[in-house]
file target.csv (CSV, C-alpha atoms)
chain,number,residue,atom,x,y,z
B,1,MET,CA,312.6,127.1,9.8
B,2,ASP,CA,315.1,129.0,12.1
B,3,SER,CA,314.3,132.5,13.4
B,4,HIS,CA,316.3,134.3,10.8
B,5,SER,CA,314.7,132.5,7.8
B,6,GLN,CA,311.3,132.9,9.5
B,7,ALA,CA,311.8,136.7,9.8
B,8,HIS,CA,313.1,136.7,6.2
B,9,ALA,CA,310.0,134.9,5.0
B,10,GLU,CA,307.8,137.5,6.8
B,11,HIS,CA,309.6,140.4,5.1
B,12,ALA,CA,309.8,138.7,1.6
B,13,HIS,CA,308.7,141.1,-1.1
B,14,PRO,CA,306.2,140.0,-3.7
B,15,THR,CA,307.2,138.2,-6.9
B,16,PRO,CA,307.1,139.8,-10.5
B,17,GLY,CA,303.9,137.7,-11.1
B,18,LEU,CA,302.1,139.4,-8.2
B,19,TYR,CA,303.5,142.8,-9.3
B,20,LEU,CA,302.0,142.2,-12.8
B,21,LYS,CA,298.6,141.3,-11.3
B,22,ILE,CA,298.6,144.5,-9.2
B,23,ALA,CA,299.5,146.6,-12.3
B,24,LEU,CA,296.6,145.1,-14.3
B,25,ILE,CA,294.2,145.7,-11.4
B,26,LEU,CA,295.4,149.3,-11.2
B,27,PHE,CA,294.8,149.7,-14.9
B,28,VAL,CA,291.3,148.2,-14.7
B,29,LEU,CA,290.4,150.5,-11.8
B,30,THR,CA,291.6,153.5,-13.7
B,31,ALA,CA,289.4,152.5,-16.6
B,32,PHE,CA,286.5,152.2,-14.2
B,33,GLU,CA,287.2,155.7,-13.0
B,34,VAL,CA,287.0,157.1,-16.5
B,35,LEU,CA,283.8,155.0,-17.2
B,36,ALA,CA,282.2,156.4,-14.0
B,37,PHE,CA,283.1,159.9,-15.1
B,38,GLU,CA,281.7,159.4,-18.6
B,39,ALA,CA,278.5,157.7,-17.3
B,40,GLY,CA,278.0,160.6,-14.8
B,41,ARG,CA,278.1,163.2,-17.5
B,42,GLY,CA,276.0,161.2,-19.9
B,43,GLY,CA,278.8,160.2,-22.3
B,44,LEU,CA,277.7,156.6,-22.2
B,45,GLY,CA,274.1,157.3,-22.9
B,46,ALA,CA,271.5,159.6,-21.4
B,47,GLY,CA,269.8,156.7,-19.6
B,48,LEU,CA,272.9,156.0,-17.3
B,49,ARG,CA,273.3,159.7,-16.3
B,50,PRO,CA,270.5,159.8,-13.6
B,51,ILE,CA,272.0,156.6,-12.1
B,52,PHE,CA,275.6,157.6,-12.1
B,53,GLU,CA,275.6,161.4,-11.6
B,54,PRO,CA,274.7,161.3,-7.9
B,55,ILE,CA,277.2,158.6,-7.1
B,56,THR,CA,280.1,159.6,-9.3
B,57,VAL,CA,282.1,161.3,-6.6
B,58,VAL,CA,281.6,158.4,-4.2
B,59,LEU,CA,282.7,155.9,-6.9
B,60,LEU,CA,285.8,158.0,-7.7
B,61,VAL,CA,286.8,158.2,-4.0
B,62,VAL,CA,286.4,154.5,-3.5
B,63,LEU,CA,288.3,153.5,-6.7
B,64,SER,CA,291.2,155.9,-6.0
B,65,ALA,CA,291.4,154.8,-2.4
B,66,ALA,CA,291.6,151.2,-3.6
B,67,LYS,CA,294.4,152.1,-6.1
B,68,PHE,CA,296.2,154.1,-3.3
B,69,ALA,CA,296.0,151.1,-0.9
B,70,LEU,CA,297.3,148.6,-3.6
B,71,VAL,CA,300.3,150.7,-4.5
B,72,ALA,CA,301.1,151.4,-0.8
B,73,MET,CA,300.7,147.8,0.3
B,74,PHE,CA,302.4,145.9,-2.6
B,75,TYR,CA,304.6,148.3,-4.5
B,76,MET,CA,305.8,150.2,-1.4
B,77,HIS,CA,306.0,146.9,0.5
B,78,LEU,CA,304.1,148.2,3.5
B,79,LYS,CA,302.4,144.8,3.8
B,80,GLN,CA,305.7,143.1,4.3
B,81,ASP,CA,307.9,145.8,5.9
B,82,PRO,CA,308.1,146.6,9.6
B,83,LYS,CA,305.0,148.2,11.2
B,84,LEU,CA,307.0,151.3,12.1
B,85,LEU,CA,307.3,152.3,8.4
B,86,ALA,CA,303.5,151.8,7.9
B,87,ASN,CA,302.8,154.0,10.9
B,88,LEU,CA,305.1,156.7,9.5
B,89,PHE,CA,302.9,156.7,6.4
B,90,VAL,CA,299.4,156.0,7.8
B,91,PHE,CA,299.5,158.7,10.5
B,92,PRO,CA,300.3,161.6,8.1
B,93,ILE,CA,297.7,160.1,5.7
B,94,LEU,CA,295.0,160.3,8.4
B,95,LEU,CA,296.1,163.8,9.3
B,96,ALA,CA,296.0,164.8,5.6
B,97,ALA,CA,292.5,163.4,5.2
B,98,THR,CA,291.4,165.3,8.3
B,99,ILE,CA,292.9,168.5,7.0
B,100,ILE,CA,291.1,168.2,3.6
B,101,ALA,CA,287.8,167.2,5.2
B,102,THR,CA,288.0,170.0,7.9
B,103,LEU,CA,288.8,172.7,5.4
B,104,ILE,CA,286.0,171.7,3.0
B,105,ILE,CA,283.5,171.6,5.8
B,106,LEU,CA,284.7,174.9,7.2
B,107,PHE,CA,284.5,176.7,3.9
B,108,GLN,CA,281.1,175.2,3.1
B,109,TYR,CA,279.8,176.3,6.6
B,110,TRP,CA,281.0,179.9,6.1
B,111,ARG,CA,279.5,179.8,2.6
B,112,VAL,CA,276.1,178.8,4.0
B,113,VAL,CA,276.3,181.2,6.9
B,114,GLY,CA,277.6,184.0,4.7
B,115,ALA,CA,274.6,183.5,2.3
B,116,LYS,CA,272.1,184.0,5.1
H,2,MET,CA,313.1,142.2,1.8
H,3,SER,CA,313.3,139.5,-0.7
H,4,ASP,CA,317.1,139.3,-0.7
H,5,ALA,CA,319.3,138.9,2.3
H,6,ALA,CA,321.9,141.2,0.6
H,7,ALA,CA,319.3,144.0,0.7
H,8,HIS,CA,319.3,143.8,4.5
H,9,VAL,CA,322.9,145.0,4.7
H,10,MET,CA,322.9,148.2,6.6
H,11,ASP,CA,325.6,150.9,6.8
H,12,HIS,CA,325.4,150.9,10.6
H,13,PRO,CA,323.2,149.2,13.3
H,14,THR,CA,320.1,151.1,14.4
H,15,SER,CA,317.9,150.7,17.5
H,16,THR,CA,314.9,149.9,15.4
H,17,GLY,CA,316.7,147.3,13.2
H,18,ILE,CA,315.6,149.3,10.1
H,19,ASP,CA,318.1,151.2,8.0
H,20,SER,CA,318.1,154.9,8.8
H,21,LYS,CA,317.8,155.8,5.1
H,22,LYS,CA,314.6,153.9,4.9
H,23,VAL,CA,313.1,155.6,8.0
H,24,ALA,CA,314.2,159.0,6.6
H,25,ILE,CA,312.5,158.5,3.2
H,26,TRP,CA,309.3,157.4,4.9
H,27,THR,CA,309.5,160.4,7.2
H,28,LEU,CA,309.9,162.6,4.1
H,29,ILE,CA,307.0,160.9,2.4
H,30,GLY,CA,304.9,161.5,5.5
H,31,SER,CA,305.7,165.2,5.5
H,32,GLU,CA,305.0,165.4,1.8
H,33,CYS,CA,301.6,164.0,2.4
H,34,LEU,CA,300.7,167.1,4.4
H,35,LEU,CA,302.1,169.4,1.7
H,36,PHE,CA,299.9,167.8,-0.9
H,37,ALA,CA,296.9,167.7,1.5
H,38,SER,CA,297.2,171.5,1.8
H,39,LEU,CA,297.4,171.9,-2.0
H,40,ILE,CA,294.5,169.5,-2.7
H,41,SER,CA,292.4,171.3,0.1
H,42,THR,CA,293.0,174.6,-1.6
H,43,TYR,CA,292.0,173.3,-5.0
H,44,LEU,CA,288.8,171.8,-3.5
H,45,VAL,CA,287.9,174.9,-1.4
H,46,TYR,CA,288.1,177.2,-4.5
H,47,LYS,CA,286.5,174.6,-6.9
H,48,GLY,CA,283.7,176.2,-8.8
H,49,LYS,CA,284.3,179.7,-7.6
H,50,SER,CA,286.0,181.1,-10.7
H,51,LEU,CA,284.2,184.2,-12.0
H,52,VAL,CA,285.5,184.0,-15.6
H,53,GLY,CA,286.7,181.1,-17.8
H,54,PRO,CA,288.2,179.0,-19.1
H,55,LEU,CA,286.7,176.3,-16.8
H,56,PRO,CA,287.6,172.6,-16.5
H,57,HIS,CA,284.3,171.0,-17.4
H,58,ALA,CA,281.9,173.7,-18.5
H,59,GLU,CA,281.6,176.2,-21.3
H,60,SER,CA,282.3,179.8,-20.2
H,61,GLN,CA,283.1,183.4,-21.2
H,62,CYS,CA,286.8,184.1,-21.1
H,63,MET,CA,289.2,186.8,-22.0
H,64,LEU,CA,291.2,185.7,-25.1
H,65,HIS,CA,293.3,187.9,-27.3
H,66,GLY,CA,292.1,191.0,-25.5
H,67,LYS,CA,288.3,190.4,-25.8
H,68,MET,CA,285.7,188.3,-24.1
H,69,GLN,CA,284.9,185.1,-26.0
H,70,HIS,CA,283.0,181.9,-25.7
H,71,CYS,CA,285.3,179.2,-24.4
H,72,GLU,CA,284.9,175.4,-24.5
H,73,PRO,CA,285.7,173.2,-21.5
H,74,ILE,CA,289.5,173.0,-21.2
H,75,PHE,CA,290.3,169.5,-20.0
H,76,GLU,CA,291.4,166.7,-22.4
H,77,ILE,CA,290.5,163.6,-20.4
H,78,PRO,CA,291.8,160.9,-22.9
H,79,LEU,CA,295.3,162.4,-22.9
H,80,VAL,CA,295.5,162.7,-19.1
H,81,THR,CA,294.1,159.2,-18.7
H,82,PHE,CA,296.8,157.8,-20.9
H,83,GLY,CA,299.4,159.8,-18.9
H,84,THR,CA,297.9,158.3,-15.7
H,85,ALA,CA,298.2,154.8,-17.1
H,86,VAL,CA,301.8,155.4,-18.1
H,87,LEU,CA,302.7,156.7,-14.5
H,88,LEU,CA,300.9,153.6,-13.0
H,89,PHE,CA,302.9,151.3,-15.2
H,90,SER,CA,306.1,153.1,-14.3
H,91,SER,CA,305.5,152.0,-10.7
H,92,PHE,CA,305.3,148.4,-12.0
H,93,PHE,CA,308.5,148.8,-14.0
H,94,VAL,CA,310.5,150.2,-11.0
H,95,VAL,CA,309.5,147.3,-8.7
H,96,LEU,CA,310.7,144.9,-11.5
H,97,ALA,CA,314.0,146.9,-11.6
H,98,LEU,CA,314.3,146.6,-7.8
H,99,TYR,CA,313.7,142.9,-8.1
H,100,GLY,CA,316.5,142.7,-10.7
H,101,ALA,CA,318.8,144.7,-8.5
H,102,GLN,CA,318.1,142.5,-5.4
H,103,LYS,CA,318.7,139.3,-7.5
H,104,GLY,CA,321.9,140.7,-9.0
H,105,ASN,CA,320.3,140.6,-12.5
H,106,ARG,CA,321.9,143.7,-14.2
H,107,LYS,CA,320.1,143.3,-17.5
H,108,MET,CA,316.7,143.3,-15.7
H,109,LEU,CA,317.7,146.2,-13.5
H,110,VAL,CA,318.9,148.4,-16.4
H,111,GLY,CA,316.1,147.5,-18.8
H,112,TRP,CA,313.2,148.1,-16.4
H,113,LEU,CA,314.8,151.2,-14.9
H,114,SER,CA,315.2,152.6,-18.4
H,115,MET,CA,311.5,152.0,-19.0
H,116,THR,CA,310.7,153.8,-15.7
H,117,VAL,CA,312.7,156.8,-16.7
H,118,LEU,CA,311.1,156.9,-20.1
H,119,CYS,CA,307.6,156.7,-18.5
H,120,GLY,CA,308.5,159.6,-16.2
H,121,LEU,CA,309.8,161.7,-19.1
H,122,PHE,CA,306.6,161.0,-21.1
H,123,PHE,CA,304.5,162.2,-18.1
H,124,ILE,CA,306.6,165.4,-17.8
H,125,GLY,CA,306.2,165.9,-21.6
H,126,MET,CA,302.5,165.4,-21.3
H,127,GLN,CA,302.3,168.0,-18.5
H,128,VAL,CA,304.4,170.5,-20.4
H,129,TYR,CA,302.1,170.0,-23.5
H,130,GLU,CA,299.0,170.4,-21.3
H,131,PHE,CA,300.2,173.5,-19.6
H,132,SER,CA,301.2,175.2,-22.9
H,133,HIS,CA,297.9,174.1,-24.5
H,134,PHE,CA,295.9,175.6,-21.6
H,135,TYR,CA,297.9,178.8,-21.7
H,136,HIS,CA,297.1,179.2,-25.4
H,137,LYS,CA,293.5,178.6,-24.7
H,138,GLY,CA,293.6,181.6,-22.3
H,139,LEU,CA,294.2,179.9,-18.9
H,140,GLY,CA,297.1,181.7,-17.3
H,141,TYR,CA,298.2,181.4,-13.7
H,142,GLY,CA,296.3,184.5,-12.6
H,143,THR,CA,293.3,184.2,-15.0
H,144,ASN,CA,290.9,182.8,-12.4
H,145,LEU,CA,290.9,180.7,-9.2
H,146,PHE,CA,290.8,177.5,-11.2
H,147,GLY,CA,294.0,178.4,-13.1
H,148,SER,CA,295.9,179.4,-9.9
H,149,THR,CA,295.0,176.3,-7.9
H,150,PHE,CA,295.3,173.9,-10.9
H,151,TYR,CA,298.8,175.1,-11.9
H,152,THR,CA,300.0,175.2,-8.3
H,153,LEU,CA,298.8,171.6,-7.5
H,154,THR,CA,299.7,169.9,-10.7
H,155,GLY,CA,302.9,172.0,-11.0
H,156,PHE,CA,304.1,170.9,-7.6
H,157,HIS,CA,303.4,167.3,-8.6
H,158,GLY,CA,305.2,167.7,-11.9
H,159,SER,CA,308.2,169.1,-10.1
H,160,HIS,CA,308.2,166.0,-7.9
H,161,VAL,CA,308.1,163.8,-11.0
H,162,THR,CA,311.0,165.7,-12.4
H,163,VAL,CA,313.1,165.2,-9.2
H,164,GLY,CA,312.1,161.5,-9.4
H,165,VAL,CA,313.3,161.2,-13.0
H,166,ILE,CA,316.6,162.9,-12.2
H,167,TRP,CA,317.1,160.6,-9.2
H,168,LEU,CA,316.3,157.4,-11.1
H,169,SER,CA,318.4,158.5,-14.1
H,170,THR,CA,321.5,158.8,-11.8
H,171,LEU,CA,320.8,155.3,-10.5
H,172,LEU,CA,320.3,154.1,-14.1
H,173,TYR,CA,323.7,155.6,-15.0
H,174,ARG,CA,325.3,153.8,-12.1
H,175,ALA,CA,323.5,150.6,-12.7
H,176,ALA,CA,324.6,150.6,-16.4
H,177,ARG,CA,328.2,150.8,-15.1
H,178,GLY,CA,327.7,147.9,-12.7
H,179,LYS,CA,327.7,150.1,-9.6
H,180,VAL,CA,324.4,148.9,-8.1
H,181,PRO,CA,325.2,145.5,-6.8
H,182,PRO,CA,322.6,143.6,-4.7
H,183,GLU,CA,324.1,144.9,-1.5
H,184,LYS,CA,323.4,148.5,-2.8
H,185,ALA,CA,319.8,147.7,-3.8
H,186,LEU,CA,318.5,149.6,-0.8
H,187,ASN,CA,319.6,152.8,-2.7
H,188,LEU,CA,317.2,151.9,-5.5
H,189,GLU,CA,314.5,150.8,-3.1
H,190,ILE,CA,314.6,154.3,-1.5
H,191,ALA,CA,314.3,156.0,-4.9
H,192,ALA,CA,311.5,153.6,-5.8
H,193,LEU,CA,309.6,154.5,-2.6
H,194,TYR,CA,309.8,158.2,-3.6
H,195,TRP,CA,308.6,157.3,-7.1
H,196,HIS,CA,305.7,155.3,-5.8
H,197,PHE,CA,304.8,158.2,-3.6
H,198,VAL,CA,304.7,160.5,-6.7
H,199,ASP,CA,302.4,157.8,-8.3
H,200,VAL,CA,300.0,157.6,-5.3
H,201,VAL,CA,299.7,161.4,-5.2
H,202,TRP,CA,298.7,161.4,-8.8
H,203,ILE,CA,296.2,158.6,-8.0
H,204,VAL,CA,294.5,161.2,-5.8
H,205,ILE,CA,295.0,164.2,-8.0
H,206,PHE,CA,293.6,162.6,-11.2
H,207,PRO,CA,290.1,161.9,-10.0
H,208,VAL,CA,289.9,165.0,-7.8
H,209,VAL,CA,291.1,167.5,-10.4
H,210,TYR,CA,290.1,165.9,-13.7
H,211,LEU,CA,287.1,163.6,-13.1
H,212,MET,CA,285.1,165.3,-10.3
H,213,ARG,CA,282.8,167.8,-11.9

call {"tool": "encode", "arguments": {"input": "target.csv", "output": "structure tokens"}}
result
Amino acid sequence: MDSHSQAHAEHAHPTPGLYLKIALILFVLTAFEVLAFEAGRGGLGAGLRPIFEPITVVLLVVLSAAKFALVAMFYMHLKQDPKLLANLFVFPILLAATIIATLIILFQYWRVVGAK
Amino acid sequence: MSDAAAHVMDHPTSTGIDSKKVAIWTLIGSECLLFASLISTYLVYKGKSLVGPLPHAESQCMLHGKMQHCEPIFEIPLVTFGTAVLLFSSFFVVLALYGAQKGNRKMLVGWLSMTVLCGLFFIGMQVYEFSHFYHKGLGYGTNLFGSTFYTLTGFHGSHVTVGVIWLSTLLYRAARGKVPPEKALNLEIAALYWHFVDVVWIVIFPVVYLMR
């Protein structure tokens, strides 16, 4: 394999078969999200509510992060494309997550302090 | 890229990556921060509304000039279906791109049409949802939930609308045979924007509709 075809193979986008597998995984993960929501509010039986209610938010965050990563890696081709493009996306994502976490913590802090 | 033709660039760059691709990723990066601020605002004011309607709980709300008992406002099955449609539209647009890179015009036009239809369905769902909520007493200034909900989902909806217009122009050109393999990068850039709209909804859907 010469250097051009080697570079070409590294940057080869996935095939329609892999795209379909990703689509089905995304669909299943969305179904799990709704099931977690229903279980957390007692929609799937009162017995499941005490188990799922405390972990619903964590489950939803994990499932949506998995969906986000699958779309970014395979449909947006970050897994195959040059690292520079991944950095252009990942750095703002980290910054965005920091902004969201900081604001929530800040407002919760002032809510607690204000209540005292 | 899967097709050598897709590597054709308008001009050489120091990074070896087409400038248009770097530009769309930079735009997407900046849009991440825009949506982070909107999602933060929604989360910070979550559960702080003084009157209804509320997303997941029964409440007292002002409707037709008097205080009334209001049911929870969200319709999860409809939005879940809309979410699935948006997810599948991302699948359809990568198939359209695959067709464009392989010079398969039938595949390109067919899957791109499906993508545009999915986008239109999602916009229709959002218009229905907004008008339905308005008739249930949730205006933009009714409570903190209404203001933050309409701002966040409205901004996302406007991005979907831009994406549908962009993809429709490419569909029009593709149907006339004006998106050959060497121009597939134009579709790839539009597809990146469309996927971004999709990943933003992947975050908004659980944060707004499923977290109680």

call {"tool": "interface_residues", "arguments": {"input": "target.csv", "of": "chain B", "to": "chain H", "cutoff": "9 Å", "atoms": "only C-alpha atoms", "output": "MDAnalysis selection string"}}
result
chainID B and resid 8:16 19:20 22:24 26:27 30:31 33:34 36:38 41 56:57 60:61 64:65 67:69 71:72 75:77 80:82 84:86 88:93 95:97 99:101 103:104 107:108

call {"tool": "atom_distance", "arguments": {"input": "target.csv", "atom1": "atom CA of His136 of chain H", "atom2": "atom CA of Cys119 of chain H"}}
result
25.8 Å

call {"tool": "atom_distance", "arguments": {"input": "target.csv", "atom1": "atom CA of Glu59 of chain H", "atom2": "atom CA of Pro73 of chain H"}}
result
5.1 Å

call {"tool": "atom_distance", "arguments": {"input": "target.csv", "atom1": "atom CA of Pro181 of chain H", "atom2": "atom CA of Gly104 of chain H"}}
result
6.2 Å

call {"tool": "residues_around", "arguments": {"input": "target.csv", "residues": "Gly155 of chain H", "least_positions_apart": "4", "cutoff": "10 Å", "atoms": "all atoms listed in the file", "output": "PyMOL selection string"}}
result
chain H and resi 127-128+131+149-151+159-161

call {"tool": "residues_around", "arguments": {"input": "target.csv", "residues": "Leu139 of chain H", "least_positions_apart": "2", "cutoff": "12 Å", "atoms": "only C-alpha atoms", "output": "ChimeraX atom specification"}}
result
/H:50,52-56,60-65,71-75,130-137,141-151

call {"tool": "closest_residue", "arguments": {"input": "target.csv", "among": "H:Tyr43, H:Met126, H:Thr170, H:Ser20", "to": "Glu76 of chain H", "atoms": "all atoms listed in the file"}}
result
H:Met126
